[in-house]
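Below is one structure; the comments refer to it alone.
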Amino acid sequence: MKNTHLLLAILLLAVSSLFSQTPCENGMAGIYPCDNVDLMSTISLAELGGVQNMNDIWGWTDSDSGREFALIGLRNGTSFVEVTDPVNPLIIGFLATATTNSLWRDVKVFNDYAFVVSEAGGHGMQVFDLTELLIDYDEYPVVFDQSAYYDLFGSAHNIAINEASGYAFGIGTNTFSGGLHFVDINDPLNPQVAGGFGADGYTHDAQIVNYTGPDGDYFEREIAFCCNEDAVTIVDVTDKTDPVQISTLGYDFSAYTHQGWLTEDENFFIFNDEIDETSGFTPTTKTLIMDVRDLDNPVLHYEYLSSSTAIDHNLYTKGSLCYQSNYRSGLRILDIGNVFEQEISTLGFFDSQPMDDFQDYSGTWSNYAYFPSGTVIMSDMYTDFFILRPTLINAYRYAEVCANADGVEFYVDVTSVQPIASAQSTDFLPNNMTLAIGPIESPGRIPVTITFTDLIEEGEYLIPITLFNDGDVLFNEILKIMVTNGTLPTFAGFSPVNGYDSTDPSVIIEWDAIEGLDTYNLVISDAEDFSTILLDEDVEGTSYEFT
């Protein structure tokens, strides 16, 4: 028996190492079709301790050590794998399901704790202290116990966490009509029910944020973007005892509004419909983009059709890139650097099902692309857990700003370690603009900061950005700034009014502040047509004593 076990272990290691650190060359990484995505390693479903299928995944990075871990949902529990060295991952351990096995399991993270839900009957929410993964154990894998438990809902399709507020949201539970179930997890080992929202019925998935987008009516409110089967519903959940539905947007040929994620600037919500492909509503995989700059009146901005016919599933945005898990077409990485002008394309992919792109519910379920190292992890339902490394450079390259803005910040995303010697732009910038680049991070984000030193005239401004290494051009792109209201703003609250007549030796002139301005050009005349000028001066503040 021992000899047989040893032989099996050696064979398993051999299979894993066969697919370790395989670069994407000529469209293939080993047996897998690819473009701009390298294969670092794989782990089989059996090695993870799973039975029948994998499902959702998430990641955790220890803030002190920088060690990176994958949290992998399985039919029978949750597996934990250290991926700090993506070529040599270590299976740390396994947390069994709270009740029975289920096709569906979901996990998210808050403050070094994992929160796990499942559609298994009576499952509730498991809480697991992730710092247990940092311990050096004598033997691996370790069988873990849950650290705490929440039982005020049973089954749940999904869980979302707003890390900025410390609230978890049970999704598709047996409470609140299957809508959002609010849980205060600021004390992770003592989760408390906080309310819920079910006025729009069942929610399949959601993202909840402390909103900092362009709609000033909701600035710093806690806003939920919910995929509710036939529409996207936006809800203000700031007051957990009195959530308010802001708006709902349906769309033509909807079949099952599945899941989505905001762009980082919160101007757009990118989402998918899981059943429109199999319903014959679209010939190829469709990604929908909703303009949410006005939360009360969202509109469908664009529909992107890929070249693949596969069904779409989970997607997440990171900077100028969108990482999609689309079942049998694998990981697809979209360029979303200029969503405003509908410039969307596929920049890279890794296909874990090389045989076909059939419209079948098998293949990749989800991915996680938020590790600082640039590592991307992906679950394939019935085969392997994949550790990948995209090799892309892409830019967030469009901005709309007001004439009196302080400036605008673009950035270049670098997904893997690449030798970048310098980043340069033009020496011939438009009037009243300065530019700074850096620092250079690879992998990471290279900021490109453009500062406005004065009011900018209305119009379109194009700024080139180029990355070099040893004289070779690695990346070249045009950054576009649209100044939408370049005319001088009108003074408001001006006192005294025009035509003021007085024998006083001095008068205090006051006006309302204009957002973004610290200095004002004040011109005073004793003639209605300003044919004679008594004062023409730049004034700091909003008052001036004229003598």
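Naming scheme: A, B, ... for chains in displayed order of the structure tokens; residues 1 onward per chain; ligands 1 onward as shown.
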Report task. Name the residues in contact with Ala114 of chain A at a cut-off of 9 Å, using only C-alpha atoms, excluding same-chain residues fewer than 6 positions from it; report them as a ChimeraX atom specification. Result -> /A:60,71,107-108,126-130
Take the selection from the previous step and output its residues with C-alpha atoms, as an mmCIF file, in the first residue's frame.
```cif
data_model
loop_
_atom_site.group_PDB
_atom_site.id
_atom_site.type_symbol
_atom_site.label_atom_id
_atom_site.label_comp_id
_atom_site.auth_asym_id
_atom_site.auth_seq_id
_atom_site.Cartn_x
_atom_site.Cartn_y
_atom_site.Cartn_z
ATOM 1 C CA TRP A 60 -5.900 37.131 -0.253
ATOM 2 C CA LEU A 71 -9.211 30.650 -2.001
ATOM 3 C CA VAL A 107 -15.967 33.261 -1.010
ATOM 4 C CA LYS A 108 -14.877 36.858 -0.380
ATOM 5 C CA GLN A 126 -18.621 30.384 7.387
ATOM 6 C CA VAL A 127 -15.928 32.733 8.695
ATOM 7 C CA PHE A 128 -12.288 31.629 8.498
ATOM 8 C CA ASP A 129 -9.231 33.375 9.940
ATOM 9 C CA LEU A 130 -6.815 33.552 7.010
#
```
**Report entry** Residue neighbourhood segment 354-363 of chain A, 6 Å, only C-alpha atoms, exclusion window fewer than 5 positions, as number ranges by chain
**Finding:** A: 32, 309-311, 327-329, 380-381
Query raised in the report: Can you tell me, as a ChimeraX atom specification, what residues are no more than 9 Å from Phe452 of chain A when counting only C-alpha atoms, ignoring any on the same chain fewer than 3 positions away?
Result: /A:403-408,431-434,455-456
For the residues selected in the previous step, produce a file with N, CA and C atoms as a compact mmCIF listing (two decimals), in the first residue's frame.
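Result written to selection.txt:
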```
# COMPACT_ATOMS: atom_id res chain seq x y z
N ALA A 403 -12.97 72.81 -17.65
CA ALA A 403 -11.89 73.75 -17.94
C ALA A 403 -11.17 74.19 -16.69
N ASN A 404 -11.87 74.23 -15.56
CA ASN A 404 -11.25 74.72 -14.33
C ASN A 404 -10.79 73.59 -13.43
N ALA A 405 -10.65 72.38 -13.98
CA ALA A 405 -10.14 71.26 -13.19
C ALA A 405 -8.66 71.46 -12.86
N ASP A 406 -8.20 70.75 -11.84
CA ASP A 406 -6.78 70.82 -11.48
C ASP A 406 -5.91 70.06 -12.47
N GLY A 407 -6.53 69.12 -13.19
CA GLY A 407 -5.77 68.30 -14.11
C GLY A 407 -6.41 66.94 -14.24
N VAL A 408 -5.66 65.97 -14.72
CA VAL A 408 -6.19 64.62 -14.92
C VAL A 408 -5.05 63.62 -14.75
N ASN A 431 -0.81 74.67 -24.08
CA ASN A 431 -0.67 75.74 -23.11
C ASN A 431 -1.38 75.38 -21.81
N ASN A 432 -0.76 75.79 -20.70
CA ASN A 432 -1.31 75.63 -19.35
C ASN A 432 -1.37 74.17 -18.89
N MET A 433 -0.53 73.32 -19.48
CA MET A 433 -0.45 71.93 -19.03
C MET A 433 0.99 71.56 -18.72
N THR A 434 1.17 70.82 -17.63
CA THR A 434 2.46 70.19 -17.33
C THR A 434 2.23 68.70 -17.14
N LEU A 455 -6.92 77.95 -16.62
CA LEU A 455 -8.09 77.47 -17.35
C LEU A 455 -7.67 76.93 -18.72
N ILE A 456 -8.30 75.83 -19.13
CA ILE A 456 -8.00 75.21 -20.41
C ILE A 456 -9.14 75.47 -21.36
```
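Distance check against Ala29 of chain A using only C-alpha atoms: of A:Glu229, A:Phe176, A:Leu321, A:Ser41, the minimum falls on A:Ser41.
Nearest residue to Leu479 of chain A among A:Ile446, A:Val539, A:Cys402, A:Val412 is A:Val412, counting only C-alpha atoms.
Residues lying within 8 Å of Ser254 of chain A, counting only C-alpha atoms and ignoring same-chain neighbours fewer than 6 positions away, are Asp230, Ala231, Asp273 and Asp276 of chain A.
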Query - Contacts of Ala168 of chain A at 9 Å (only C-alpha atoms; same-chain gap of 2+ positions) as a list in words - result: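 Residues meeting the cut-off are Lys108, Phe110, Phe115, Ile159, Ala160, Ile161, Asn162, Glu163, Ser165, Gly166, Gly170, His181, Phe182, Val183, Asp184 and Ile185 of chain A.
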Let's have the selection written as an mmCIF file, in the first residue's frame, with C-alpha atoms.
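New file out.cif:
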```
data_model
loop_
_atom_site.group_PDB
_atom_site.id
_atom_site.type_symbol
_atom_site.label_atom_id
_atom_site.label_comp_id
_atom_site.auth_asym_id
_atom_site.auth_seq_id
_atom_site.Cartn_x
_atom_site.Cartn_y
_atom_site.Cartn_z
ATOM 1 C CA LYS A 108 -14.877 36.858 -0.380
ATOM 2 C CA PHE A 110 -12.447 41.270 4.622
ATOM 3 C CA PHE A 115 -16.463 34.543 4.318
ATOM 4 C CA ILE A 159 -21.652 36.922 -1.255
ATOM 5 C CA ALA A 160 -20.384 40.455 -1.857
ATOM 6 C CA ILE A 161 -18.308 42.483 0.580
ATOM 7 C CA ASN A 162 -17.747 46.226 0.661
ATOM 8 C CA GLU A 163 -14.331 46.371 2.314
ATOM 9 C CA SER A 165 -17.715 49.848 4.985
ATOM 10 C CA GLY A 166 -17.208 46.463 6.637
ATOM 11 C CA GLY A 170 -25.658 37.669 1.258
ATOM 12 C CA HIS A 181 -29.064 40.371 3.162
ATOM 13 C CA PHE A 182 -26.933 42.912 5.071
ATOM 14 C CA VAL A 183 -24.399 41.657 7.631
ATOM 15 C CA ASP A 184 -22.122 43.867 9.726
ATOM 16 C CA ILE A 185 -18.714 42.121 9.738
#
```
Query - Nearest residue to Glu341 of chain A from the set A:Tyr398, A:Tyr323, A:Phe197, A:Tyr316 (distances using only C-alpha atoms) - result: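 Smallest separation from Glu341 of chain A among the options: A:Tyr398.
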Query raised in the report: Using only C-alpha atoms, which residues sit within 7 Å of segment 279-286 of chain A once same-chain residues fewer than 5 positions away are excluded, as JSON, numbers by chain?
Result: {"A": [253, 272, 303, 304, 305, 306, 307, 308, 309, 310, 311, 312]}
Put those residues in a file: N, CA and C atoms, as an mmCIF file, in the first residue's frame.
```cif
data_model
loop_
_atom_site.group_PDB
_atom_site.id
_atom_site.type_symbol
_atom_site.label_atom_id
_atom_site.label_comp_id
_atom_site.auth_asym_id
_atom_site.auth_seq_id
_atom_site.Cartn_x
_atom_site.Cartn_y
_atom_site.Cartn_z
ATOM 1 N N PHE A 253 -33.391 42.057 -25.520
ATOM 2 C CA PHE A 253 -32.888 40.683 -25.624
ATOM 3 C C PHE A 253 -32.193 40.212 -24.345
ATOM 4 N N ASN A 272 -22.622 41.056 -17.850
ATOM 5 C CA ASN A 272 -22.910 40.041 -18.855
ATOM 6 C C ASN A 272 -24.284 39.425 -18.628
ATOM 7 N N GLU A 303 -22.406 47.517 -26.602
ATOM 8 C CA GLU A 303 -22.356 46.061 -26.517
ATOM 9 C C GLU A 303 -21.159 45.574 -27.320
ATOM 10 N N TYR A 304 -20.277 44.853 -26.646
ATOM 11 C CA TYR A 304 -19.086 44.339 -27.318
ATOM 12 C C TYR A 304 -19.275 42.859 -27.618
ATOM 13 N N LEU A 305 -19.084 42.475 -28.886
ATOM 14 C CA LEU A 305 -19.178 41.086 -29.305
ATOM 15 C C LEU A 305 -17.780 40.546 -29.571
ATOM 16 N N SER A 306 -17.448 39.437 -28.921
ATOM 17 C CA SER A 306 -16.133 38.825 -29.124
ATOM 18 C C SER A 306 -16.192 37.869 -30.311
ATOM 19 N N SER A 307 -15.070 37.287 -30.639
ATOM 20 C CA SER A 307 -15.014 36.318 -31.734
ATOM 21 C C SER A 307 -15.408 34.920 -31.287
ATOM 22 N N SER A 308 -15.552 34.706 -29.972
ATOM 23 C CA SER A 308 -15.873 33.390 -29.433
ATOM 24 C C SER A 308 -17.388 33.215 -29.329
ATOM 25 N N THR A 309 -17.827 31.976 -29.378
ATOM 26 C CA THR A 309 -19.250 31.668 -29.233
ATOM 27 C C THR A 309 -19.598 31.163 -27.839
ATOM 28 N N ALA A 310 -18.643 31.137 -26.920
ATOM 29 C CA ALA A 310 -18.859 30.549 -25.592
ATOM 30 C C ALA A 310 -19.806 31.403 -24.753
ATOM 31 N N ILE A 311 -20.343 30.784 -23.702
ATOM 32 C CA ILE A 311 -21.179 31.474 -22.724
ATOM 33 C C ILE A 311 -20.275 32.257 -21.776
ATOM 34 N N ASP A 312 -20.722 33.463 -21.402
ATOM 35 C CA ASP A 312 -19.927 34.256 -20.461
ATOM 36 C C ASP A 312 -20.330 33.937 -19.020
#
```
Query raised in the report: Which distance in Å separates atom CA of Gly172 of chain A and atom CA of Thr364 of chain A, to one decimal?
Result: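 It comes out at 21.7 Å.
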Requested in this report: Give the strand (DSSP E) residues of segment 208-294 of chain A, as assigned by DSSP on the backbone, as a PyMOL selection string.
Outcome: chain A and resi 208-210+222-227+232-236+244-249+257-262+268-273+286-291
Requested in this report: Please measure the separation of atom CA of Tyr544 of chain A and atom CA of Ile514 of chain A, giving the value in Å to one decimal.
Outcome: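 Spanning atom CA of Tyr544 of chain A to atom CA of Ile514 of chain A is a straight-line distance of 15.7 Å.
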Report task. Would you mind listing what lies within 12 Å of Thr99 of chain A as a PyMOL selection string, with only C-alpha atoms counted and same-chain residues fewer than 2 positions away left out? Result -> chain A and resi 75-77+95-97+101-102+105+117-126+151+154-155
Query raised in the report: Taking only C-alpha atoms into account, which of A:Leu388, A:Ser525, A:Glu132, A:Ile333 comes nearest Ser345 of chain A?
Result: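 Closest to Ser345 of chain A, using only C-alpha atoms: A:Ile333.
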Report task. May I ask which of the residues A:Gly30, A:Gly73, A:Pro447, A:Pro86 is the closest one to Leu103 of chain A, counting only C-alpha atoms? Result -> A:Gly73
Requested in this report: Can you work out which one of A:Gly201, A:Phe371, A:Ile270, A:Asp265 has the shortest atom-to-atom distance to Glu82 of chain A, counting only C-alpha atoms?
Outcome: A:Phe371
